[in-house]
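Peer 1: To be precise about what I am sending: the file is called data-v9.txt and holds compact mmCIF, C-alpha atoms.
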# COMPACT_ATOMS: atom_id res chain seq x y z
CA MET A 41 38.92 24.38 18.64
CA GLU A 42 42.63 24.79 19.38
CA LEU A 43 43.73 24.68 23.02
CA TRP A 44 46.84 26.28 24.48
CA ASP A 45 48.45 25.53 27.83
CA ILE A 46 48.41 28.30 30.43
CA TYR A 47 51.78 28.97 32.07
CA ASP A 48 52.70 30.87 35.23
CA ILE A 49 55.23 33.69 35.43
CA ASP A 50 58.02 31.11 35.89
CA ARG A 51 56.95 29.49 32.62
CA GLN A 52 55.62 26.40 34.33
CA ARG A 53 52.45 24.79 32.99
CA THR A 54 49.56 25.38 35.38
CA GLY A 55 47.58 22.33 34.23
CA ARG A 56 44.90 24.61 32.78
CA THR A 57 44.26 25.42 29.12
CA MET A 58 42.69 28.24 27.15
CA GLU A 59 41.00 28.38 23.79
CA ARG A 60 42.98 30.08 21.05
CA GLY A 61 41.73 33.64 20.70
CA ASP A 62 40.16 33.78 24.19
CA TRP A 63 42.02 36.85 25.36
CA SER A 64 40.87 36.86 28.98
CA MET A 65 44.08 35.90 30.71
CA GLN A 66 44.59 37.08 34.26
CA PRO A 67 47.77 38.79 35.51
CA GLY A 68 50.43 36.14 35.96
CA GLU A 69 48.94 33.84 33.30
CA TYR A 70 50.71 33.33 29.98
CA HIS A 71 50.57 31.28 26.83
CA LEU A 72 53.58 30.24 24.76
CA THR A 73 54.31 31.17 21.16
CA VAL A 74 57.25 30.44 18.88
CA LEU A 75 59.01 32.30 16.08
CA ALA A 76 61.42 30.82 13.52
CA LEU A 77 64.30 32.64 11.91
CA LEU A 78 65.11 30.66 8.76
CA LYS A 79 68.58 31.73 7.67
CA ARG A 80 70.27 30.69 4.46
CA PRO A 81 74.07 30.34 4.14
CA ASP A 82 74.13 33.65 2.23
CA GLY A 83 72.93 35.42 5.40
CA ARG A 84 69.42 36.15 4.11
CA TYR A 85 66.30 35.28 6.08
CA LEU A 86 62.99 33.96 4.81
CA ILE A 87 60.28 36.49 5.62
CA THR A 88 56.60 36.27 4.72
CA GLN A 89 53.89 38.86 4.16
CA ARG A 90 50.55 38.48 5.93
CA VAL A 91 47.38 38.29 3.84
CA MET A 92 45.25 41.42 3.71
CA THR A 93 42.29 39.61 5.31
CA LYS A 94 44.12 39.26 8.66
CA SER A 95 42.35 41.20 11.40
CA TRP A 96 45.67 42.25 12.94
CA ALA A 97 48.57 43.71 10.93
CA PRO A 98 47.40 42.82 7.42
CA GLY A 99 50.13 43.20 4.80
CA CYS A 100 52.96 43.33 7.34
CA TRP A 101 56.08 41.21 7.01
CA GLU A 102 57.06 38.63 9.61
CA ILE A 103 58.83 35.37 10.25
CA PRO A 104 56.97 32.06 10.63
CA GLY A 105 55.52 31.30 14.01
CA GLY A 106 52.43 30.84 16.12
CA GLY A 107 50.89 29.42 19.25
CA VAL A 108 52.08 26.30 21.02
CA ARG A 109 49.22 23.83 21.34
CA ALA A 110 48.31 22.19 24.64
CA GLY A 111 50.74 19.37 25.40
CA GLU A 112 53.14 20.44 22.66
CA GLY A 113 56.76 21.43 23.25
CA SER A 114 58.43 24.53 21.86
CA LEU A 115 60.57 22.68 19.29
CA GLU A 116 57.65 20.55 18.16
CA ALA A 117 55.52 23.69 17.74
CA VAL A 118 58.11 25.67 15.78
CA LEU A 119 58.70 22.76 13.39
CA ARG A 120 54.91 22.44 12.87
CA GLU A 121 54.43 26.18 12.31
CA VAL A 122 57.28 26.38 9.79
CA LYS A 123 55.86 23.40 7.88
CA GLU A 124 52.30 24.81 7.89
CA GLU A 125 53.26 28.34 6.85
CA THR A 126 56.12 27.71 4.41
CA GLY A 127 56.07 24.03 3.44
CA LEU A 128 59.65 23.71 4.71
CA THR A 129 60.74 20.90 7.00
CA PRO A 130 63.74 21.95 9.05
CA ARG A 131 65.50 19.21 10.96
CA PRO A 132 65.66 19.67 14.74
CA GLU A 133 69.46 19.54 14.67
CA GLN A 134 69.49 22.55 12.30
CA GLY A 135 67.92 24.73 14.95
CA GLN A 136 68.50 26.21 18.33
CA ARG A 137 66.41 28.33 20.64
CA ILE A 138 68.36 31.56 20.77
CA PHE A 139 66.26 33.47 23.32
CA THR A 140 62.90 33.88 24.98
CA TYR A 141 61.05 37.06 25.81
CA ARG A 142 57.89 37.80 27.76
CA ARG A 143 55.07 40.26 27.05
CA ASP A 144 52.48 41.39 29.59
CA ASN A 145 49.39 42.98 28.03
CA PRO A 146 46.84 43.06 30.86
CA GLU A 147 44.62 45.57 29.07
CA GLU A 148 44.27 43.12 26.17
CA GLY A 149 44.14 39.96 28.30
CA ASP A 150 47.01 38.56 26.24
CA ASN A 151 50.19 37.71 28.13
CA TYR A 152 52.72 35.44 26.48
CA PHE A 153 56.22 34.04 26.28
CA VAL A 154 57.93 33.86 22.89
CA ASP A 155 60.65 31.33 22.10
CA VAL A 156 62.76 32.51 19.17
CA TRP A 157 64.40 29.72 17.18
CA LEU A 158 67.15 29.99 14.57
CA PHE A 159 67.42 27.40 11.81
CA GLU A 160 70.33 27.64 9.40
CA MET A 161 69.49 25.74 6.24
CA GLU A 162 69.64 25.71 2.46
CA ILE A 163 66.37 27.10 1.08
CA GLN A 164 65.55 27.59 -2.59
CA ASP A 165 62.52 29.33 -4.07
CA GLN A 166 61.07 26.02 -5.25
CA ASP A 167 61.15 24.72 -1.64
CA VAL A 168 58.75 27.39 -0.34
CA HIS A 169 55.02 26.63 -0.44
CA LEU A 170 53.03 29.32 1.35
CA GLN A 171 49.89 28.72 3.38
CA GLU A 172 47.51 30.89 1.35
CA GLU A 173 45.18 31.61 4.28
CA GLU A 174 48.10 33.13 6.20
CA THR A 175 50.60 34.57 3.76
CA MET A 176 50.50 36.22 0.35
CA ALA A 177 54.21 36.65 -0.44
CA TYR A 178 57.70 35.82 0.71
CA ARG A 179 61.23 36.93 0.08
CA PHE A 180 64.75 36.26 1.23
CA ALA A 181 65.79 39.47 2.97
CA ALA A 182 69.16 40.74 4.11
CA PRO A 183 69.33 42.04 7.69
CA SER A 184 69.48 45.62 6.35
CA GLU A 185 66.19 45.09 4.49
CA ILE A 186 64.54 43.73 7.63
CA ARG A 187 65.81 46.71 9.65
CA GLU A 188 64.32 49.04 7.05
CA LEU A 189 60.95 47.27 7.21
CA GLY A 190 61.11 47.40 11.01
CA GLU A 191 61.85 51.12 11.04
CA GLN A 192 58.77 51.59 8.83
CA ASP A 193 56.66 49.53 11.28
CA GLN A 194 56.12 46.93 8.55
CA PHE A 195 57.91 44.01 10.26
CA LEU A 196 56.18 42.32 13.18
CA HIS A 197 58.12 41.66 16.39
CA PHE A 198 60.96 43.84 15.08
CA HIS A 199 61.59 45.58 18.39
CA SER A 200 62.04 42.21 20.10
CA LEU A 201 64.20 40.80 17.29
CA GLN A 202 66.20 43.83 16.19
CA SER A 203 69.41 42.77 17.97
CA ILE A 204 69.62 39.86 15.50
CA PHE A 205 69.47 42.12 12.47
Go ahead and express the file in the form of structure tokens.

Peer 2:
Amino acid sequence: MELWDIYDIDRQRTGRTMERGDWSMQPGEYHLTVLALLKRPDGRYLITQRVMTKSWAPGCWEIPGGGVRAGEGSLEAVLREVKEETGLTPRPEQGQRIFTYRRDNPEEGDNYFVDVWLFEMEIQDQDVHLQEEETMAYRFAAPSEIRELGEQDQFLHFHSLQSIF
């Protein structure tokens, strides 16, 4: 069982937790997630394709990320998620949180903040080791390729990230 901290609208921990996947959050309650843009010096980003067995958005492309566990910080979580999903180990000094956005989905009981991190690093094909339960493919995509996937509704979080691409 994975627990996530519950935050208030000011992004302060409330001292309460929720179970991952328990989408019964009340208005004004949020959990925190992270996303990692992994950018190579050539300007291409590492993107991954979700396995077809995912209940939500199977086969779509995305960037690494996930939920922040109870007691975990944003940087700690993004480094863990990148390692789990891609096998890569970015160094904290290679990254910076570039922005945060908030989503309110009261009809789904899923309200959340998203911290978007950018890591600029050398990445070669042999460095990438996908988490097979989560992803089935990867590629290094130019911003124009990501925009095209986003316009086809095949890139998750595109509308929140499109200013980057």

Peer 1: Which of these, A:Pro132, A:Gly149, A:Arg60, A:Arg53, has the shortest distance to A:Arg120 once you count only C-alpha atoms?

Peer 2: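 Distance minimum relative to A:Arg120 lands on A:Pro132.
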
Peer 1: Separation of atom CA of A:Leu75 and atom CA of A:Lys123, in Å?

Peer 2: 12.5 Å

Peer 1: Check the smallest atom-to-atom distance from each of A:His197, A:Arg142, A:Arg90, A:Lys79 to A:Ile163 using all atoms listed in the file, then report the winner.

Peer 2: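 For A:Ile163, the nearest of the given residues is A:Lys79.
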
Peer 1: Please enclose the listed atoms of stretch 162-172 of chain A in an axis-aligned box, pad each side by 8 Å, and write out the centre and the three edge lengths in Å, rounded to one decimal, as AutoDock Vina command-line options.

Peer 2:
--center_x 58.6 --center_y 27.8 --center_z -0.9 --size_x 38.1 --size_y 22.2 --size_z 24.6

Peer 1: Can you work out which one of A:Gln66, A:Gln194, A:Gln164, A:Thr57 has the shortest atom-to-atom distance to A:Arg80, counting only C-alpha atoms?

Peer 2: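 Closest candidate: A:Gln164.
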
Peer 1: Closest to A:Tyr178 among A:Glu148, A:Glu133, A:Asp165, A:Glu112, using all atoms listed in the file?

Peer 2: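 Ranked by minimum distance to A:Tyr178, first place goes to A:Asp165.
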
Peer 1: Between A:Gly107, A:Gly99, A:Gly135, A:Pro81, which is the closest to A:Glu59 once you count all atoms listed in the file?

Peer 2: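 Looking only at the distances to A:Glu59, the closest residue turns out to be A:Gly107.
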
Peer 1: For atom CA of A:Leu72 and atom CA of A:Asn145, quote the distance in Å rounded to one decimal.

Peer 2: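 So the two atoms, atom CA of A:Leu72 and atom CA of A:Asn145, lie 13.8 Å apart.
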
Peer 1: In terms of the shortest atom-to-atom distance over all atoms listed in the file, which of A:Leu158, A:Leu128, A:Ala110, A:Ile87 is closest to A:Ala177?

Peer 2: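 Among A:Leu158, A:Leu128, A:Ala110, A:Ile87, it is A:Ile87 that comes nearest to A:Ala177.
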
Peer 1: Between atom CA of A:Glu162 and atom CA of A:Glu125, what distance in Å does the model show, to one decimal?

Peer 2: 17.2 Å

Peer 1: My structure is short of atoms at stretch 57-81 of chain A; please model N, CA, C and O atoms there, returning them as a PDB file, in the frame of the given file.

Peer 2:
ATOM      1  N   THR A  57      44.131  25.054  30.525  1.00  0.00           N
ATOM      2  CA  THR A  57      44.260  25.420  29.120  1.00  0.00           C
ATOM      3  C   THR A  57      43.326  26.578  28.805  1.00  0.00           C
ATOM      4  O   THR A  57      42.427  26.900  29.581  1.00  0.00           O
ATOM      5  N   MET A  58      43.559  27.173  27.660  1.00  0.00           N
ATOM      6  CA  MET A  58      42.690  28.240  27.150  1.00  0.00           C
ATOM      7  C   MET A  58      42.406  27.952  25.691  1.00  0.00           C
ATOM      8  O   MET A  58      43.173  27.262  25.020  1.00  0.00           O
ATOM      9  N   GLU A  59      41.315  28.485  25.204  1.00  0.00           N
ATOM     10  CA  GLU A  59      41.000  28.380  23.790  1.00  0.00           C
ATOM     11  C   GLU A  59      41.764  29.456  23.035  1.00  0.00           C
ATOM     12  O   GLU A  59      41.866  30.595  23.504  1.00  0.00           O
ATOM     13  N   ARG A  60      42.306  29.094  21.887  1.00  0.00           N
ATOM     14  CA  ARG A  60      42.980  30.080  21.050  1.00  0.00           C
ATOM     15  C   ARG A  60      42.029  31.240  20.785  1.00  0.00           C
ATOM     16  O   ARG A  60      40.867  31.034  20.445  1.00  0.00           O
ATOM     17  N   GLY A  61      42.531  32.453  20.960  1.00  0.00           N
ATOM     18  CA  GLY A  61      41.730  33.640  20.700  1.00  0.00           C
ATOM     19  C   GLY A  61      40.880  34.092  21.873  1.00  0.00           C
ATOM     20  O   GLY A  61      40.203  35.108  21.794  1.00  0.00           O
ATOM     21  N   ASP A  62      40.916  33.385  22.994  1.00  0.00           N
ATOM     22  CA  ASP A  62      40.160  33.780  24.190  1.00  0.00           C
ATOM     23  C   ASP A  62      41.064  34.661  25.042  1.00  0.00           C
ATOM     24  O   ASP A  62      41.734  34.200  25.949  1.00  0.00           O
ATOM     25  N   TRP A  63      41.094  35.929  24.718  1.00  0.00           N
ATOM     26  CA  TRP A  63      42.020  36.850  25.360  1.00  0.00           C
ATOM     27  C   TRP A  63      41.451  37.364  26.685  1.00  0.00           C
ATOM     28  O   TRP A  63      41.092  38.521  26.822  1.00  0.00           O
ATOM     29  N   SER A  64      41.357  36.473  27.655  1.00  0.00           N
ATOM     30  CA  SER A  64      40.870  36.860  28.980  1.00  0.00           C
ATOM     31  C   SER A  64      41.814  36.344  30.060  1.00  0.00           C
ATOM     32  O   SER A  64      41.372  35.932  31.125  1.00  0.00           O
ATOM     33  N   MET A  65      43.087  36.389  29.760  1.00  0.00           N
ATOM     34  CA  MET A  65      44.080  35.900  30.710  1.00  0.00           C
ATOM     35  C   MET A  65      44.192  36.866  31.885  1.00  0.00           C
ATOM     36  O   MET A  65      44.090  38.087  31.729  1.00  0.00           O
ATOM     37  N   GLN A  66      44.432  36.299  33.041  1.00  0.00           N
ATOM     38  CA  GLN A  66      44.590  37.080  34.260  1.00  0.00           C
ATOM     39  C   GLN A  66      46.065  37.456  34.439  1.00  0.00           C
ATOM     40  O   GLN A  66      46.949  36.806  33.861  1.00  0.00           O
ATOM     41  N   PRO A  67      46.363  38.485  35.222  1.00  0.00           N
ATOM     42  CA  PRO A  67      47.770  38.790  35.510  1.00  0.00           C
ATOM     43  C   PRO A  67      48.474  37.551  36.047  1.00  0.00           C
ATOM     44  O   PRO A  67      47.923  36.801  36.857  1.00  0.00           O
ATOM     45  N   GLY A  68      49.674  37.305  35.548  1.00  0.00           N
ATOM     46  CA  GLY A  68      50.430  36.140  35.960  1.00  0.00           C
ATOM     47  C   GLY A  68      50.151  34.888  35.161  1.00  0.00           C
ATOM     48  O   GLY A  68      50.763  33.845  35.402  1.00  0.00           O
ATOM     49  N   GLU A  69      49.228  34.961  34.200  1.00  0.00           N
ATOM     50  CA  GLU A  69      48.940  33.840  33.300  1.00  0.00           C
ATOM     51  C   GLU A  69      49.496  34.156  31.914  1.00  0.00           C
ATOM     52  O   GLU A  69      49.375  35.291  31.441  1.00  0.00           O
ATOM     53  N   TYR A  70      50.063  33.142  31.285  1.00  0.00           N
ATOM     54  CA  TYR A  70      50.710  33.330  29.980  1.00  0.00           C
ATOM     55  C   TYR A  70      50.430  32.140  29.078  1.00  0.00           C
ATOM     56  O   TYR A  70      50.154  31.049  29.551  1.00  0.00           O
ATOM     57  N   HIS A  71      50.519  32.381  27.784  1.00  0.00           N
ATOM     58  CA  HIS A  71      50.570  31.280  26.830  1.00  0.00           C
ATOM     59  C   HIS A  71      51.924  31.354  26.145  1.00  0.00           C
ATOM     60  O   HIS A  71      52.671  32.317  26.320  1.00  0.00           O
ATOM     61  N   LEU A  72      52.265  30.328  25.394  1.00  0.00           N
ATOM     62  CA  LEU A  72      53.580  30.240  24.760  1.00  0.00           C
ATOM     63  C   LEU A  72      53.425  30.298  23.248  1.00  0.00           C
ATOM     64  O   LEU A  72      52.568  29.624  22.677  1.00  0.00           O
ATOM     65  N   THR A  73      54.254  31.113  22.612  1.00  0.00           N
ATOM     66  CA  THR A  73      54.310  31.170  21.160  1.00  0.00           C
ATOM     67  C   THR A  73      55.763  30.943  20.726  1.00  0.00           C
ATOM     68  O   THR A  73      56.684  31.013  21.534  1.00  0.00           O
ATOM     69  N   VAL A  74      55.918  30.683  19.445  1.00  0.00           N
ATOM     70  CA  VAL A  74      57.250  30.440  18.880  1.00  0.00           C
ATOM     71  C   VAL A  74      57.409  31.253  17.605  1.00  0.00           C
ATOM     72  O   VAL A  74      56.438  31.536  16.900  1.00  0.00           O
ATOM     73  N   LEU A  75      58.644  31.633  17.325  1.00  0.00           N
ATOM     74  CA  LEU A  75      59.010  32.300  16.080  1.00  0.00           C
ATOM     75  C   LEU A  75      60.234  31.589  15.508  1.00  0.00           C
ATOM     76  O   LEU A  75      61.101  31.148  16.270  1.00  0.00           O
ATOM     77  N   ALA A  76      60.309  31.509  14.179  1.00  0.00           N
ATOM     78  CA  ALA A  76      61.420  30.820  13.520  1.00  0.00           C
ATOM     79  C   ALA A  76      62.153  31.741  12.568  1.00  0.00           C
ATOM     80  O   ALA A  76      61.575  32.223  11.589  1.00  0.00           O
ATOM     81  N   LEU A  77      63.412  31.964  12.852  1.00  0.00           N
ATOM     82  CA  LEU A  77      64.300  32.640  11.910  1.00  0.00           C
ATOM     83  C   LEU A  77      64.889  31.553  11.012  1.00  0.00           C
ATOM     84  O   LEU A  77      65.551  30.635  11.499  1.00  0.00           O
ATOM     85  N   LEU A  78      64.603  31.634   9.727  1.00  0.00           N
ATOM     86  CA  LEU A  78      65.110  30.660   8.760  1.00  0.00           C
ATOM     87  C   LEU A  78      66.187  31.357   7.946  1.00  0.00           C
ATOM     88  O   LEU A  78      65.896  32.187   7.078  1.00  0.00           O
ATOM     89  N   LYS A  79      67.434  31.034   8.245  1.00  0.00           N
ATOM     90  CA  LYS A  79      68.580  31.730   7.670  1.00  0.00           C
ATOM     91  C   LYS A  79      69.307  30.849   6.667  1.00  0.00           C
ATOM     92  O   LYS A  79      69.678  29.725   6.977  1.00  0.00           O
ATOM     93  N   ARG A  80      69.509  31.402   5.487  1.00  0.00           N
ATOM     94  CA  ARG A  80      70.270  30.690   4.460  1.00  0.00           C
ATOM     95  C   ARG A  80      71.762  30.948   4.655  1.00  0.00           C
ATOM     96  O   ARG A  80      72.152  31.906   5.322  1.00  0.00           O
ATOM     97  N   PRO A  81      72.614  30.125   4.032  1.00  0.00           N
ATOM     98  CA  PRO A  81      74.070  30.340   4.140  1.00  0.00           C
ATOM     99  C   PRO A  81      74.526  31.704   3.632  1.00  0.00           C
ATOM    100  O   PRO A  81      75.563  32.202   4.071  1.00  0.00           O
TER     101      PRO A  81
END
